[in-house]
$ cat work.txt   # compact mmCIF, C-alpha atoms and all ligand atoms
# COMPACT_ATOMS: atom_id res chain seq x y z
CA MET A 29 -168.71 57.75 77.65
CA LEU A 30 -169.23 54.86 75.32
CA LYS A 31 -172.19 52.80 74.40
CA LYS A 32 -172.40 49.54 72.50
CA LEU A 33 -174.31 49.32 69.25
CA LYS A 34 -175.07 46.06 67.56
CA ALA A 35 -175.13 46.44 63.78
CA SER A 36 -178.08 45.35 61.69
CA SER A 37 -178.25 41.77 60.51
CA ASN A 38 -179.48 42.86 57.07
CA PRO A 39 -178.27 40.01 54.81
CA SER A 40 -177.41 42.45 52.00
CA SER A 41 -175.17 44.39 54.30
CA GLY A 42 -171.93 42.52 54.06
CA GLY A 43 -172.34 38.93 55.19
CA GLY A 44 -170.25 38.07 58.24
CA LEU A 45 -169.71 41.71 59.08
CA ALA A 46 -173.29 42.18 60.23
CA GLU A 47 -172.84 41.02 63.81
CA THR A 48 -169.98 43.36 64.58
CA VAL A 49 -170.33 45.23 67.83
CA LYS A 50 -169.62 48.94 67.60
CA TYR A 51 -168.81 51.47 70.27
CA ILE A 52 -170.83 54.61 69.86
CA LYS A 53 -170.55 57.77 71.84
CA MET A 54 -173.57 58.60 73.98
CA LYS A 55 -174.04 61.96 72.29
CA ASP A 56 -175.22 60.12 69.17
CA THR A 57 -178.35 59.09 71.05
CA ASN A 58 -179.75 55.61 71.13
CA ILE A 59 -179.09 54.53 67.57
CA GLN A 60 -180.63 51.09 68.02
CA ASN A 61 -184.02 52.31 69.19
CA SER A 62 -184.30 55.70 67.60
CA SER A 63 -187.23 56.35 65.27
CA VAL A 64 -184.91 58.08 62.80
CA LEU A 65 -183.33 54.76 62.00
CA SER A 66 -185.58 53.42 59.28
CA PRO A 67 -184.25 54.07 55.81
CA PRO A 68 -184.50 56.07 53.66
CA LEU A 69 -182.49 58.64 55.55
CA ARG A 70 -180.87 61.86 54.38
CA GLY A 71 -183.44 62.16 51.57
CA GLY A 72 -183.03 58.61 50.35
CA ARG A 73 -180.07 56.59 49.20
CA GLU A 74 -180.53 56.90 45.44
CA GLY A 75 -177.50 58.92 44.48
CA LEU A 76 -177.83 61.12 47.55
CA LEU A 77 -175.58 59.39 50.04
CA ALA A 78 -171.88 59.50 49.48
CA CYS A 79 -168.84 58.20 51.31
CA ILE A 80 -165.63 60.20 51.39
CA PHE A 81 -162.51 58.38 52.52
CA ASP A 82 -159.27 59.67 53.87
CA MET A 83 -156.42 57.47 52.60
CA ASP A 84 -153.41 57.18 54.94
CA GLY A 85 -154.48 55.20 58.00
CA VAL A 86 -157.98 54.50 56.63
CA LEU A 87 -157.43 52.55 53.40
CA VAL A 88 -153.81 51.56 53.94
CA SER A 89 -151.29 51.58 56.79
CA THR A 90 -149.04 54.24 55.23
CA GLU A 91 -149.40 56.44 58.34
CA LYS A 92 -146.58 54.43 59.91
CA TYR A 93 -144.27 55.23 56.98
CA HIS A 94 -145.07 58.94 57.28
CA PHE A 95 -144.24 58.75 60.99
CA GLU A 96 -140.96 56.88 60.42
CA ALA A 97 -139.87 59.40 57.78
CA TRP A 98 -140.82 62.38 59.98
CA GLN A 99 -138.98 60.86 62.95
CA ARG A 100 -135.90 60.30 60.82
CA LEU A 101 -136.04 63.84 59.46
CA ALA A 102 -136.63 65.36 62.90
CA ALA A 103 -133.67 63.38 64.27
CA THR A 104 -131.36 65.00 61.69
CA LEU A 105 -132.41 68.34 63.23
CA GLY A 106 -131.91 67.09 66.79
CA ILE A 107 -135.66 67.00 67.41
CA ALA A 108 -137.36 63.99 69.01
CA ILE A 109 -140.96 63.25 68.07
CA ASP A 110 -143.14 60.56 69.57
CA GLU A 111 -146.46 58.89 68.73
CA GLU A 112 -148.40 61.48 70.70
CA PHE A 113 -146.87 64.36 68.76
CA ASN A 114 -147.44 62.40 65.56
CA GLU A 115 -151.20 62.68 66.12
CA THR A 116 -150.81 66.39 65.29
CA LEU A 117 -149.04 65.52 62.01
CA LYS A 118 -151.70 63.10 60.78
CA GLY A 119 -153.97 64.46 58.08
CA VAL A 120 -152.12 67.71 57.55
CA SER A 121 -150.07 68.68 54.51
CA ARG A 122 -146.35 68.04 54.16
CA ALA A 123 -145.55 71.76 54.42
CA VAL A 124 -147.59 72.18 57.60
CA CYS A 125 -145.91 69.10 59.11
CA ILE A 126 -142.49 70.73 58.58
CA ASP A 127 -143.70 73.87 60.36
CA LEU A 128 -145.12 71.85 63.26
CA ILE A 129 -141.90 69.86 63.71
CA LEU A 130 -139.72 72.97 63.59
CA LYS A 131 -141.97 74.71 66.10
CA HIS A 132 -141.87 71.60 68.32
CA GLY A 133 -138.05 71.74 68.27
CA GLY A 134 -137.89 75.52 68.63
CA LEU A 135 -136.11 75.90 65.28
CA GLN A 136 -136.53 78.29 62.38
CA LYS A 137 -135.65 77.62 58.75
CA THR A 138 -135.89 79.56 55.51
CA ASP A 139 -138.51 78.62 52.92
CA GLU A 140 -135.81 77.06 50.77
CA GLU A 141 -134.52 74.95 53.66
CA LYS A 142 -138.08 73.85 54.45
CA GLN A 143 -138.55 72.76 50.86
CA GLN A 144 -135.35 70.72 51.04
CA LEU A 145 -136.51 69.09 54.26
CA ALA A 146 -139.88 68.27 52.72
CA ALA A 147 -138.18 66.78 49.65
CA GLN A 148 -135.94 64.61 51.85
CA LYS A 149 -138.88 63.36 53.89
CA ASN A 150 -140.81 62.52 50.74
CA GLU A 151 -137.83 60.65 49.28
CA TRP A 152 -137.75 58.42 52.38
CA PHE A 153 -141.52 57.99 52.30
CA LEU A 154 -141.43 56.98 48.63
CA GLU A 155 -138.74 54.40 49.42
CA SER A 156 -140.99 52.95 52.11
CA ILE A 157 -144.02 52.65 49.85
CA SER A 158 -142.07 51.30 46.87
CA HIS A 159 -142.98 47.74 47.87
CA ILE A 160 -146.70 48.44 48.42
CA SER A 161 -149.03 46.19 46.46
CA PRO A 162 -152.80 45.46 46.28
CA GLN A 163 -152.44 43.07 49.24
CA ASP A 164 -151.62 46.03 51.49
CA VAL A 165 -155.08 47.58 51.59
CA PHE A 166 -156.54 47.23 55.08
CA PRO A 167 -158.86 44.26 55.68
CA GLY A 168 -162.41 44.92 54.50
CA VAL A 169 -161.56 47.96 52.34
CA ARG A 170 -161.98 46.37 48.93
CA GLU A 171 -165.11 44.53 50.09
CA PHE A 172 -166.71 47.69 51.50
CA LEU A 173 -165.87 49.78 48.43
CA THR A 174 -167.33 47.06 46.21
CA LEU A 175 -170.49 46.96 48.32
CA LEU A 176 -170.89 50.74 48.14
CA GLN A 177 -170.35 50.77 44.40
CA THR A 178 -172.79 47.91 43.84
CA HIS A 179 -175.48 49.72 45.84
CA GLY A 180 -175.04 53.02 44.00
CA TYR A 181 -173.29 55.05 46.69
CA LYS A 182 -170.98 57.75 45.44
CA ILE A 183 -167.36 57.46 46.53
CA ALA A 184 -164.64 60.10 46.80
CA LEU A 185 -161.17 60.33 48.25
CA GLY A 186 -160.36 63.29 50.51
CA SER A 187 -156.66 63.13 51.35
CA ALA A 188 -153.99 65.68 52.22
CA SER A 189 -151.38 63.58 50.46
CA LYS A 190 -149.77 64.49 47.16
CA ASN A 191 -148.93 60.81 46.82
CA ALA A 192 -152.58 59.74 46.85
CA PRO A 193 -152.91 59.04 43.09
CA LEU A 194 -149.72 56.94 43.16
CA LEU A 195 -150.94 54.91 46.14
CA LEU A 196 -154.42 54.37 44.67
CA GLU A 197 -152.78 52.96 41.55
CA LYS A 198 -150.37 50.76 43.50
CA LEU A 199 -153.23 49.40 45.59
CA GLN A 200 -155.39 48.96 42.46
CA ILE A 201 -158.39 50.69 44.01
CA ALA A 202 -158.40 53.91 41.91
CA HIS A 203 -161.38 52.72 39.87
CA PHE A 204 -163.67 52.88 42.91
CA PHE A 205 -163.31 56.66 43.27
CA GLU A 206 -165.52 58.97 41.25
CA ALA A 207 -163.60 61.95 42.60
CA VAL A 208 -160.10 62.24 44.05
CA ILE A 209 -159.40 65.39 46.03
CA ASP A 210 -155.82 65.29 47.30
CA GLY A 211 -152.84 67.38 48.37
CA ASN A 212 -152.15 68.33 44.76
CA VAL A 213 -155.35 70.32 44.43
CA ILE A 214 -156.37 71.62 47.84
CA GLU A 215 -155.24 75.01 49.07
CA LYS A 216 -156.16 74.78 52.74
CA ALA A 217 -154.96 71.82 54.81
CA LYS A 218 -157.24 69.90 57.19
CA PRO A 219 -158.77 70.89 59.64
CA ASN A 220 -160.05 73.28 56.98
CA PRO A 221 -163.09 71.60 55.40
CA GLU A 222 -162.01 72.41 51.83
CA VAL A 223 -160.95 68.87 50.91
CA PHE A 224 -164.31 67.35 51.88
CA LEU A 225 -166.44 70.18 50.53
CA ARG A 226 -164.67 69.84 47.20
CA GLY A 227 -165.22 66.09 47.32
CA ALA A 228 -168.94 66.53 47.92
CA ALA A 229 -169.19 69.15 45.16
CA ALA A 230 -167.37 66.86 42.73
CA LEU A 231 -169.87 64.10 43.51
CA GLY A 232 -172.82 66.50 43.31
CA VAL A 233 -173.93 65.62 46.84
CA LYS A 234 -174.84 68.02 49.64
CA PRO A 235 -172.48 67.86 52.66
CA GLN A 236 -175.18 66.56 55.02
CA TYR A 237 -175.60 63.50 52.78
CA CYS A 238 -171.92 62.59 53.01
CA VAL A 239 -170.21 60.30 55.49
CA VAL A 240 -166.49 60.77 56.02
CA PHE A 241 -164.11 58.05 57.23
CA GLU A 242 -161.10 59.59 58.99
CA ASP A 243 -158.25 58.52 61.28
CA ALA A 244 -156.74 61.96 62.01
CA ILE A 245 -157.84 64.56 64.56
CA SER A 246 -157.46 67.29 61.92
CA GLY A 247 -159.43 65.21 59.42
CA VAL A 248 -162.30 64.62 61.81
CA GLN A 249 -162.39 68.35 62.53
CA ALA A 250 -162.42 69.07 58.78
CA ALA A 251 -165.31 66.67 58.19
CA ARG A 252 -167.39 68.12 61.03
CA ALA A 253 -166.59 71.66 59.87
CA ALA A 254 -167.87 70.62 56.44
CA GLY A 255 -171.18 69.64 58.05
CA MET A 256 -170.65 65.94 57.38
CA TYR A 257 -171.19 62.85 59.50
CA CYS A 258 -167.80 61.49 60.54
CA ILE A 259 -166.88 57.93 61.42
CA GLY A 260 -163.51 57.91 63.13
CA ILE A 261 -161.06 55.10 62.46
CA GLY A 262 -159.26 54.72 65.76
CA SER A 263 -159.76 55.55 69.40
CA PRO A 264 -162.74 57.69 70.51
CA GLU A 265 -160.44 59.07 73.22
CA ILE A 266 -158.27 60.60 70.47
CA LEU A 267 -160.90 61.29 67.79
CA THR A 268 -163.19 63.05 70.24
CA GLN A 269 -165.13 64.99 67.61
CA ALA A 270 -166.03 61.96 65.48
CA ASN A 271 -169.71 60.95 65.62
CA PHE A 272 -168.47 57.50 66.54
CA CYS A 273 -165.38 55.36 66.10
CA ILE A 274 -164.56 51.94 64.73
CA SER A 275 -161.17 50.24 64.53
CA GLY A 276 -161.25 49.73 60.75
CA LEU A 277 -163.39 49.43 57.66
CA CYS A 278 -163.72 45.68 58.25
CA GLU A 279 -166.24 46.69 60.95
CA VAL A 280 -168.56 48.67 58.72
CA ASN A 281 -171.41 47.51 56.48
CA LEU A 282 -174.42 48.93 54.64
CA GLY A 283 -176.76 48.07 57.50
CA LEU A 284 -174.78 50.39 59.77
CA LEU A 285 -174.63 53.12 57.15
CA GLU A 286 -178.39 53.03 56.59
CA LYS A 287 -179.03 53.41 60.33
CA LEU A 288 -176.90 56.50 60.90
CA PRO A 289 -178.95 59.30 62.41
CA PRO A 290 -179.13 62.58 60.45
CA THR A 291 -175.93 64.58 60.50
CA PRO A 292 -176.04 66.65 63.69
C1 LIG A 301 -151.82 62.79 55.08
C2 LIG A 301 -151.04 62.10 56.15
O1 LIG A 301 -152.73 61.89 54.52
O2 LIG A 301 -150.95 63.25 54.06
C3 LIG A 301 -149.95 62.98 56.68
O3 LIG A 301 -151.93 61.77 57.20
C4 LIG A 301 -149.08 63.47 55.52
O4 LIG A 301 -149.19 62.26 57.62
C5 LIG A 301 -149.96 64.17 54.51
O5 LIG A 301 -148.10 64.35 56.00
C6 LIG A 301 -149.19 64.67 53.31
O6 LIG A 301 -148.72 63.58 52.57
P1 LIG A 301 -147.70 63.66 51.38
O7 LIG A 301 -147.72 62.26 50.79
O8 LIG A 301 -148.21 64.68 50.41
O9 LIG A 301 -146.39 64.04 51.94
MG MG A 302 -155.29 59.61 57.58
$ encode --input "work.txt" --output "structure tokens"
Amino acid sequence: MLKKLKASSNPSSGGGLAETVKYIKMKDTNIQNSSVLSPPLRGGREGLLACIFDMDGVLVSTEKYHFEAWQRLAATLGIAIDEEFNETLKGVSRAVCIDLILKHGGLQKTDEEKQQLAAQKNEWFLESISHISPQDVFPGVREFLTLLQTHGYKIALGSASKNAPLLLEKLQIAHFFEAVIDGNVIEKAKPNPEVFLRGAAALGVKPQYCVVFEDAISGVQAARAAGMYCIGIGSPEILTQANFCISGLCEVNLGLLEKLPPTP
């Protein structure tokens, strides 16, 4: 069940973005009329509210390159994977993706073979992203990050990808992130909350004062398991555990952020 929310028209909240209509799940209560809306929320905004961003599919459209590379790899094994199955690959580590694909195809491989498969997939993925430039960040990303930074919000990256540092550099957005927690440092893949809890700890912010932006089912589950508010990027029919969903960061502004109810 969906409900429409009209974002605040606070002039400091991002100019033309303010009139965007959002679709909010009923379980979030009536955000527009609720008495918990007036800022400050979550103990105040000064240094207490942080945003943690997933990367693939949230900041940049690299999810499609992951999917193409996985499809190509699966095809070499005689396994067909479609968009629906790909939802289970989003947000999880490269090694776990290999296991999921092999299980899907009813195949077993040795650890060495799995490592070779992972290396091949990554080679194809790196070819795909070789052309990526600052113009490839999703609409509204740079503007929103700038707005957050200007208003003193803390910003972290929480990604399963080992290629995250490379992509942040290519996109020229690395300087926005006070902490980068990625596939090179985490031990437990999403939906385990480790990536987001480490992000919050690195920022010095309690989990309930963090908002996570996620496009993957496993990522939304990780954020909620971390005790964080989660804004899904994508369909609420797929990201059922997100507190609410938007189609992209071009739809979000500070007015909306300030009116989020306390993390349930
Ligand atoms: C996640 C993607 O961000 O990173 C997954 O959603 C991907 O699709 C995972 O498998 C691992 O990425 P990488 O770059 O380390 O292979
Ligand atoms: Mg993602």
$ residues_near_ligand --input "work.txt" --ligand "ligand MG 302 (chain A)" --cutoff "10 Å" --atoms "all atoms listed in the file" --output "list in words"
Phe81, Asp82, Met83, Asp84, Gly85, Val86, Leu87, Val88, Ser89, Thr90, Glu91, Glu115, Leu117, Lys118, Gly119, Val120, Gly186, Ser187, Ala188, Ser189, Phe241, Glu242, Asp243, Ala244, Ile245, Ser246, Gly247, Val248 and Ile261 of chain A
$ closest_residue --input "work.txt" --among "A:Val208, A:Ala103, A:Leu173, A:Ala97" --to "A:Trp152" --atoms "only C-alpha atoms"
A:Ala97
$ atom_distance --input "work.txt" --atom1 "atom CA of A:Val240" --atom2 "atom CA of A:Glu111"
23.8 Å
$ closest_residue --input "work.txt" --among "A:Leu77, A:Gly168, A:Gln200, A:Thr138" --to "A:Tyr257" --atoms "all atoms listed in the file"
A:Leu77
$ atom_distance --input "work.txt" --atom1 "atom CA of A:Tyr237" --atom2 "atom CA of A:Gly255"
9.2 Å
$ closest_residue --input "work.txt" --among "A:Ile129, A:Leu196, A:Cys273, A:Ala102" --to "A:Arg170" --atoms "all atoms listed in the file"
A:Leu196
$ axis_aligned_box --input "work.txt" --around "ligand LIG 301 (chain A)" --padding-each-side "5 Å" --output "lines of an AutoDock Vina configuration file"
center_x = -149.6
center_y = 63.2
center_z = 54.0
size_x = 16.3
size_y = 12.9
size_z = 17.2
